[in-house]
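S.K.: My file is query04.tsv. It has TSV, C-alpha atoms:
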```
chain	number	residue	atom	x	y	z
A	1	MET	CA	11.46	32.19	-27.45
A	2	THR	CA	11.18	33.45	-23.88
A	3	HIS	CA	9.76	30.97	-21.38
A	4	PRO	CA	6.45	32.34	-19.95
A	5	HIS	CA	7.92	32.31	-16.43
A	6	GLN	CA	11.28	33.83	-17.33
A	7	ARG	CA	12.16	36.78	-15.10
A	8	ARG	CA	12.49	40.20	-16.72
A	9	ARG	CA	13.61	42.02	-13.59
A	10	ILE	CA	14.89	41.16	-10.12
A	11	ARG	CA	12.75	42.27	-7.22
A	12	ARG	CA	15.38	42.17	-4.49
A	13	VAL	CA	19.04	43.01	-4.07
A	14	LEU	CA	20.89	39.80	-4.86
A	15	PRO	CA	24.27	38.77	-3.44
A	16	GLU	CA	27.38	38.86	-5.58
A	17	ALA	CA	28.46	35.44	-6.81
A	18	GLY	CA	32.10	34.39	-6.88
A	19	ILE	CA	34.26	31.29	-7.02
A	20	SER	CA	37.24	29.77	-5.25
A	21	GLU	CA	39.44	26.77	-5.98
A	22	SER	CA	41.30	24.41	-3.68
A	23	GLY	CA	43.10	21.55	-5.35
A	24	ASN	CA	40.63	19.90	-7.69
A	25	ILE	CA	37.55	21.44	-6.02
A	26	ARG	CA	35.89	24.54	-7.47
A	27	SER	CA	33.28	26.24	-5.25
A	28	LEU	CA	30.60	28.89	-5.58
A	29	HIS	CA	30.13	31.61	-2.94
A	30	LEU	CA	27.50	34.32	-2.42
A	31	ASP	CA	28.89	37.43	-0.71
A	32	SER	CA	30.57	35.33	2.00
A	33	PRO	CA	33.23	32.64	2.51
A	34	THR	CA	30.44	30.08	2.97
A	35	VAL	CA	30.52	27.45	0.23
A	36	GLN	CA	27.20	27.22	-1.61
A	37	SER	CA	28.15	24.54	-4.12
A	38	SER	CA	31.28	22.60	-5.10
A	39	MET	CA	32.46	20.61	-8.10
A	40	ASN	CA	35.24	18.04	-8.39
A	41	LEU	CA	37.07	19.08	-11.57
A	42	ASP	CA	38.21	15.47	-12.07
A	43	ASP	CA	34.71	14.02	-11.56
A	44	PRO	CA	32.10	16.74	-12.20
A	45	SER	CA	29.06	14.53	-11.46
A	46	GLU	CA	30.26	13.75	-7.92
A	47	LEU	CA	28.16	15.26	-5.15
A	48	VAL	CA	31.01	16.82	-3.21
A	49	LEU	CA	29.11	18.36	-0.30
A	50	SER	CA	27.50	16.10	2.28
A	51	TYR	CA	24.21	18.01	2.32
A	52	SER	CA	23.76	17.40	-1.41
A	53	ARG	CA	24.25	13.67	-0.89
A	54	ALA	CA	21.72	13.68	1.96
A	55	MET	CA	19.16	15.40	-0.25
A	56	MET	CA	19.25	12.42	-2.62
A	57	ALA	CA	17.83	10.18	0.13
A	58	TRP	CA	14.42	10.59	-1.49
A	59	LEU	CA	15.49	7.81	-3.89
A	60	LEU	CA	14.98	5.39	-1.00
A	61	PHE	CA	11.28	6.17	-1.00
A	62	VAL	CA	10.09	6.89	-4.53
A	63	PRO	CA	10.76	5.40	-7.98
A	64	THR	CA	12.91	7.10	-10.58
A	65	PRO	CA	11.02	10.30	-11.44
A	66	ARG	CA	10.03	11.58	-14.85
A	67	HIS	CA	10.69	15.20	-13.90
A	68	ILE	CA	12.65	17.04	-11.20
A	69	THR	CA	12.39	20.75	-10.41
A	70	GLN	CA	15.29	22.43	-8.61
A	71	ILE	CA	14.73	25.69	-6.77
A	72	GLY	CA	18.23	27.16	-6.73
A	73	LEU	CA	20.79	26.22	-9.38
A	74	GLY	CA	23.94	27.09	-7.45
A	75	GLY	CA	26.93	25.50	-9.12
A	76	GLY	CA	24.77	22.84	-10.75
A	77	SER	CA	25.66	19.88	-8.51
A	78	PHE	CA	22.21	18.29	-8.78
A	79	ALA	CA	21.96	19.08	-12.49
A	80	ARG	CA	25.21	17.23	-13.25
A	81	TRP	CA	24.36	14.27	-11.02
A	82	ILE	CA	20.85	13.85	-12.43
A	83	ASP	CA	22.18	14.10	-15.97
A	84	ALA	CA	24.78	11.41	-15.27
A	85	PHE	CA	22.68	8.92	-13.30
A	86	LEU	CA	18.95	9.46	-13.98
A	87	LEU	CA	19.08	9.12	-17.73
A	88	ASP	CA	15.31	9.09	-18.30
A	89	THR	CA	14.59	12.07	-16.05
A	90	ALA	CA	14.01	15.61	-17.32
A	91	GLN	CA	14.92	18.51	-15.06
A	92	THR	CA	14.25	22.21	-14.67
A	93	ALA	CA	16.49	24.45	-12.57
A	94	VAL	CA	14.96	27.73	-11.37
A	95	GLU	CA	17.44	30.40	-10.30
A	96	ILE	CA	16.65	34.00	-9.40
A	97	ASN	CA	20.21	35.33	-9.63
A	98	PRO	CA	21.40	35.88	-13.23
A	99	GLN	CA	25.01	36.10	-12.08
A	100	VAL	CA	24.78	32.59	-10.61
A	101	ILE	CA	23.38	31.30	-13.90
A	102	GLN	CA	26.18	32.94	-15.88
A	103	ILE	CA	28.92	31.57	-13.63
A	104	ALA	CA	27.40	28.08	-13.56
A	105	ARG	CA	27.19	27.98	-17.35
A	106	MET	CA	30.76	29.20	-17.78
A	107	LEU	CA	32.63	27.42	-15.01
A	108	PHE	CA	30.62	24.47	-13.65
A	109	GLU	CA	30.18	22.13	-16.63
A	110	LEU	CA	26.40	22.10	-16.73
A	111	PRO	CA	24.57	19.57	-18.89
A	112	PHE	CA	23.50	20.53	-22.39
A	113	GLU	CA	20.39	22.71	-22.24
A	114	GLY	CA	17.59	21.20	-24.28
A	115	GLU	CA	14.59	18.92	-23.80
A	116	LYS	CA	16.12	17.12	-20.80
A	117	PHE	CA	17.49	20.16	-18.94
A	118	GLU	CA	16.40	23.80	-18.81
A	119	ILE	CA	17.39	26.78	-16.68
A	120	LEU	CA	14.82	29.46	-15.88
A	121	GLU	CA	15.80	32.83	-14.45
A	122	ALA	CA	12.82	33.16	-12.13
A	123	ASP	CA	11.64	33.43	-8.55
A	124	GLY	CA	11.28	29.82	-7.40
A	125	ALA	CA	8.60	30.69	-4.84
A	126	GLU	CA	6.48	32.14	-7.64
A	127	TYR	CA	7.33	29.47	-10.19
A	128	VAL	CA	6.08	26.52	-8.13
A	129	LYS	CA	2.60	28.05	-8.20
A	130	THR	CA	2.41	27.25	-11.91
A	131	LEU	CA	3.24	23.54	-11.75
A	132	ASN	CA	-0.07	22.03	-10.56
A	133	GLY	CA	1.11	18.44	-10.17
A	134	GLY	CA	3.60	18.75	-13.01
A	135	THR	CA	6.77	17.62	-11.26
A	136	ASP	CA	7.70	14.49	-9.30
A	137	VAL	CA	10.51	15.87	-7.13
A	138	LEU	CA	11.19	19.34	-5.77
A	139	LEU	CA	14.77	19.99	-4.66
A	140	VAL	CA	14.86	23.24	-2.71
A	141	ASP	CA	18.22	24.76	-1.81
A	142	GLY	CA	18.01	28.52	-1.48
A	143	PHE	CA	20.44	30.53	0.66
A	144	ASP	CA	21.49	34.15	0.28
A	145	GLY	CA	25.04	33.69	1.55
A	146	GLU	CA	24.07	33.98	5.22
A	147	GLN	CA	20.78	32.16	5.80
A	148	ILE	CA	17.91	30.41	4.11
A	149	ILE	CA	15.68	32.63	1.97
A	150	ASP	CA	12.49	33.46	3.87
A	151	ASP	CA	10.24	32.96	0.83
A	152	LEU	CA	11.33	29.30	0.70
A	153	VAL	CA	10.29	28.41	4.26
A	154	GLY	CA	6.86	30.05	4.47
A	155	GLU	CA	3.68	28.03	4.90
A	156	ASP	CA	2.23	29.43	1.66
A	157	PHE	CA	5.31	28.21	-0.21
A	158	PHE	CA	5.04	24.73	1.31
A	159	GLN	CA	1.37	24.52	0.33
A	160	ASP	CA	2.27	25.60	-3.20
A	161	CYS	CA	4.94	22.87	-3.27
A	162	PHE	CA	2.39	20.28	-2.18
A	163	ARG	CA	0.12	21.27	-5.07
A	164	ALA	CA	3.06	21.37	-7.50
A	165	LEU	CA	3.98	17.72	-6.93
A	166	SER	CA	2.52	14.70	-8.68
A	167	ALA	CA	0.48	12.23	-6.63
A	168	ASP	CA	3.49	10.36	-5.20
A	169	GLY	CA	5.89	13.29	-5.37
A	170	VAL	CA	8.49	14.25	-2.79
A	171	PHE	CA	9.85	17.57	-1.53
A	172	ALA	CA	13.48	17.71	-0.39
A	173	ALA	CA	15.05	20.80	1.17
A	174	ASN	CA	18.43	21.68	2.61
A	175	TRP	CA	18.08	23.34	6.02
A	176	TRP	CA	20.54	24.32	8.73
A	177	SER	CA	19.90	22.54	12.03
A	178	GLY	CA	21.49	25.39	14.00
A	179	ASP	CA	18.93	27.90	12.75
A	180	LYS	CA	16.77	28.83	15.74
A	181	ARG	CA	13.76	28.78	13.40
A	182	TYR	CA	14.33	25.18	12.30
A	183	GLY	CA	11.51	23.84	14.48
A	184	LEU	CA	9.12	26.45	13.13
A	185	PHE	CA	9.99	25.56	9.54
A	186	TYR	CA	9.48	21.88	10.32
A	187	GLU	CA	6.05	22.51	11.84
A	188	ARG	CA	4.95	24.54	8.82
A	189	LEU	CA	6.08	21.85	6.40
A	190	ALA	CA	4.40	19.15	8.47
A	191	ARG	CA	1.08	20.98	8.36
A	192	SER	CA	1.31	21.34	4.59
A	193	PHE	CA	2.22	17.66	3.99
A	194	GLY	CA	0.00	15.96	6.57
A	195	GLY	CA	2.92	15.18	8.88
A	196	ARG	CA	4.65	12.91	6.33
A	197	LEU	CA	8.17	14.15	7.04
A	198	ILE	CA	11.57	12.55	7.50
A	199	ALA	CA	14.82	14.29	8.46
A	200	VAL	CA	18.11	13.13	6.92
A	201	PRO	CA	21.15	14.54	8.73
A	202	ALA	CA	24.10	15.33	6.49
A	203	GLU	CA	27.42	13.72	7.39
A	204	SER	CA	28.90	17.04	8.53
A	205	HIS	CA	28.40	20.77	9.11
A	206	GLY	CA	24.91	20.66	10.67
A	207	ASN	CA	22.91	20.56	7.46
A	208	VAL	CA	19.73	18.47	7.36
A	209	ALA	CA	17.84	17.30	4.29
A	210	VAL	CA	14.14	17.40	5.15
A	211	LEU	CA	11.91	15.17	3.02
A	212	ALA	CA	8.15	15.61	2.76
A	213	PHE	CA	5.88	13.19	0.90
A	214	LYS	CA	2.67	14.11	-0.90
A	215	GLY	CA	1.42	10.52	-0.80
A	216	GLU	CA	2.30	7.38	1.11
A	217	ALA	CA	5.97	6.42	1.29
A	218	GLU	CA	7.68	3.12	2.03
A	219	THR	CA	8.56	2.94	5.74
A	220	ALA	CA	9.32	-0.77	6.26
A	221	LEU	CA	12.94	-0.92	7.38
A	222	ASP	CA	13.70	-4.30	5.82
A	223	THR	CA	12.51	-3.05	2.44
A	224	LEU	CA	14.45	0.20	2.80
A	225	LYS	CA	17.58	-1.71	3.78
A	226	ARG	CA	17.40	-3.80	0.59
A	227	ARG	CA	16.79	-0.69	-1.47
A	228	ALA	CA	19.74	1.09	0.13
A	229	ALA	CA	22.12	-1.70	-0.82
A	230	LYS	CA	20.88	-1.72	-4.41
A	231	LEU	CA	20.97	2.06	-4.73
A	232	GLN	CA	24.52	2.22	-3.39
A	233	GLU	CA	25.72	0.00	-6.22
A	234	GLN	CA	23.66	1.87	-8.80
A	235	TYR	CA	24.41	5.48	-7.86
A	236	ARG	CA	27.76	5.55	-6.01
A	237	LEU	CA	26.18	7.08	-2.90
A	238	ASP	CA	26.22	5.64	0.62
A	239	PHE	CA	22.51	4.92	0.99
A	240	PRO	CA	23.06	2.40	3.83
A	241	ARG	CA	24.65	5.17	5.87
A	242	MET	CA	21.77	7.50	4.98
A	243	LEU	CA	19.31	4.92	6.24
A	244	THR	CA	21.27	4.51	9.48
A	245	ASP	CA	21.22	8.28	9.97
A	246	ILE	CA	17.50	8.40	9.19
A	247	LYS	CA	16.82	5.77	11.84
A	248	ALA	CA	18.86	7.76	14.37
A	249	ALA	CA	17.04	11.02	13.62
A	250	ASN	CA	13.42	9.85	13.25
A	251	PRO	CA	10.93	7.83	15.33
A	252	HIS	CA	10.84	4.13	14.46
A	253	ASN	CA	10.39	0.69	15.93
A	254	ASP	CA	12.12	-2.51	14.89
A	255	LYS	CA	10.05	-2.76	11.73
A	256	LYS	CA	9.23	0.66	10.31
A	257	LEU	CA	9.80	4.38	10.37
A	258	ARG	CA	7.13	6.59	11.86
A	259	PHE	CA	6.32	9.94	10.34
A	260	GLN	CA	6.54	12.79	12.79
A	261	ALA	CA	4.48	15.95	12.75
A	262	ALA	CA	7.14	18.12	14.38
```
With the file now loaded, output its structure as structure tokens.
M.R.:
Amino acid sequence: MTHPHQRRRIRRVLPEAGISESGNIRSLHLDSPTVQSSMNLDDPSELVLSYSRAMMAWLLFVPTPRHITQIGLGGGSFARWIDAFLLDTAQTAVEINPQVIQIARMLFELPFEGEKFEILEADGAEYVKTLNGGTDVLLVDGFDGEQIIDDLVGEDFFQDCFRALSADGVFAANWWSGDKRYGLFYERLARSFGGRLIAVPAESHGNVAVLAFKGEAETALDTLKRRAAKLQEQYRLDFPRMLTDIKAANPHNDKKLRFQAA
């Protein structure tokens, strides 16, 4: 049975998807040498790229979610990690490019598709309009091989994302800090989420995970420090380093983080 939001045609010219391999790392590309997604063939659930690890910083601020929506499947890095570590979480991956879906299914060891994981061939910017509070986390990672997709950084899209999230939901996007429009994107997102934003610099390459919270989020540094230590043991990710990077990139005093509007 076709999902009601399944795409039947593609509205724009989509980049060609291809792969490369170096040692035990298999990577997805879109019409350029730029790596879009990577998988460790010896440990498929590992988040190989630093930006993908930074995007998981939302776990510092919200409980384990019931449902996660991914805008952009790529090589399935988030899908594999969520399947391995968030055992009670269902997930939907929305991908506009059928070639990406085909390659991910064939070559990137995606989880079994069923009640806990589904892939929709659809326009993510349109799909979020249908959710109406129906997802707890939105992971947005949409590039066309050269730059971020314009439809995923517009103010209308951010407002749709706000409405799509549950009461305590969180939006997490991968942006490029060197993009001259970064400040504009940040201002738009801040307006849509009441200024409740935190930037999480990736360890390398200039990527930044930008988190936006629909409701209140924990900002007490002592509490976040304890959470980071616990999460590091639980999920094999360096949450203490993430917290250090968050403190360096965002306003705070000795006791708490301060949300910034821009």
S.K.: Find, counting only C-alpha atoms, the residue in A:Ala125, A:Leu28, A:Leu224, A:Ile148 that gets nearest to Ile101 (chain A).
M.R.: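 Smallest distance to Ile101 (chain A) is found for A:Leu28.
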S.K.: Which neighbours of Arg105 (chain A) fall inside 12 Å, counting only C-alpha atoms, when residues of the same chain fewer than 2 positions from it are skipped, and could you give them as a list in words?
M.R.: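 Counting only the stated atoms, we get Leu73, Gly74, Gly75, Gly76, Ala79, Arg80, Pro98, Gln99, Val100, Ile101, Gln102, Ile103, Leu107, Phe108, Glu109, Leu110, Pro111, Phe112, Glu113, Glu118 and Ile119 of chain A.
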S.K.: Skipping near chain neighbours, those fewer than 2 positions away, what residues fall within 8 Å of Ala164 (chain A) using all atoms listed in the file, listed as a PyMOL selection string?
M.R.: chain A and resi 128-135+160-162+166
S.K.: Output C-alpha atoms of each residue in that selection to a file, as an mmCIF file, keeping the file's coordinate frame.
M.R.:
```cif
data_model
loop_
_atom_site.group_PDB
_atom_site.id
_atom_site.type_symbol
_atom_site.label_atom_id
_atom_site.label_comp_id
_atom_site.auth_asym_id
_atom_site.auth_seq_id
_atom_site.Cartn_x
_atom_site.Cartn_y
_atom_site.Cartn_z
ATOM 1 C CA VAL A 128 6.080 26.520 -8.130
ATOM 2 C CA LYS A 129 2.600 28.050 -8.200
ATOM 3 C CA THR A 130 2.410 27.250 -11.910
ATOM 4 C CA LEU A 131 3.240 23.540 -11.750
ATOM 5 C CA ASN A 132 -0.070 22.030 -10.560
ATOM 6 C CA GLY A 133 1.110 18.440 -10.170
ATOM 7 C CA GLY A 134 3.600 18.750 -13.010
ATOM 8 C CA THR A 135 6.770 17.620 -11.260
ATOM 9 C CA ASP A 160 2.270 25.600 -3.200
ATOM 10 C CA CYS A 161 4.940 22.870 -3.270
ATOM 11 C CA PHE A 162 2.390 20.280 -2.180
ATOM 12 C CA SER A 166 2.520 14.700 -8.680
#
```
S.K.: Near Trp81 (chain A), counting only C-alpha atoms, which residues have an atom at most 8 Å away, once you skip same-chain residues fewer than 3 positions from it, shown as a PyMOL selection string?
M.R.: chain A and resi 45-47+77-78+84-86
S.K.: Could you pull out every residue with an atom within 9 Å of (7.1, 14.0, 4.0), file coordinates, counting all atoms listed in the file, and send them as a VMD selection string?
M.R.: chain A and resid 170 to 172 189 to 190 193 to 199 210 to 217 259 to 260
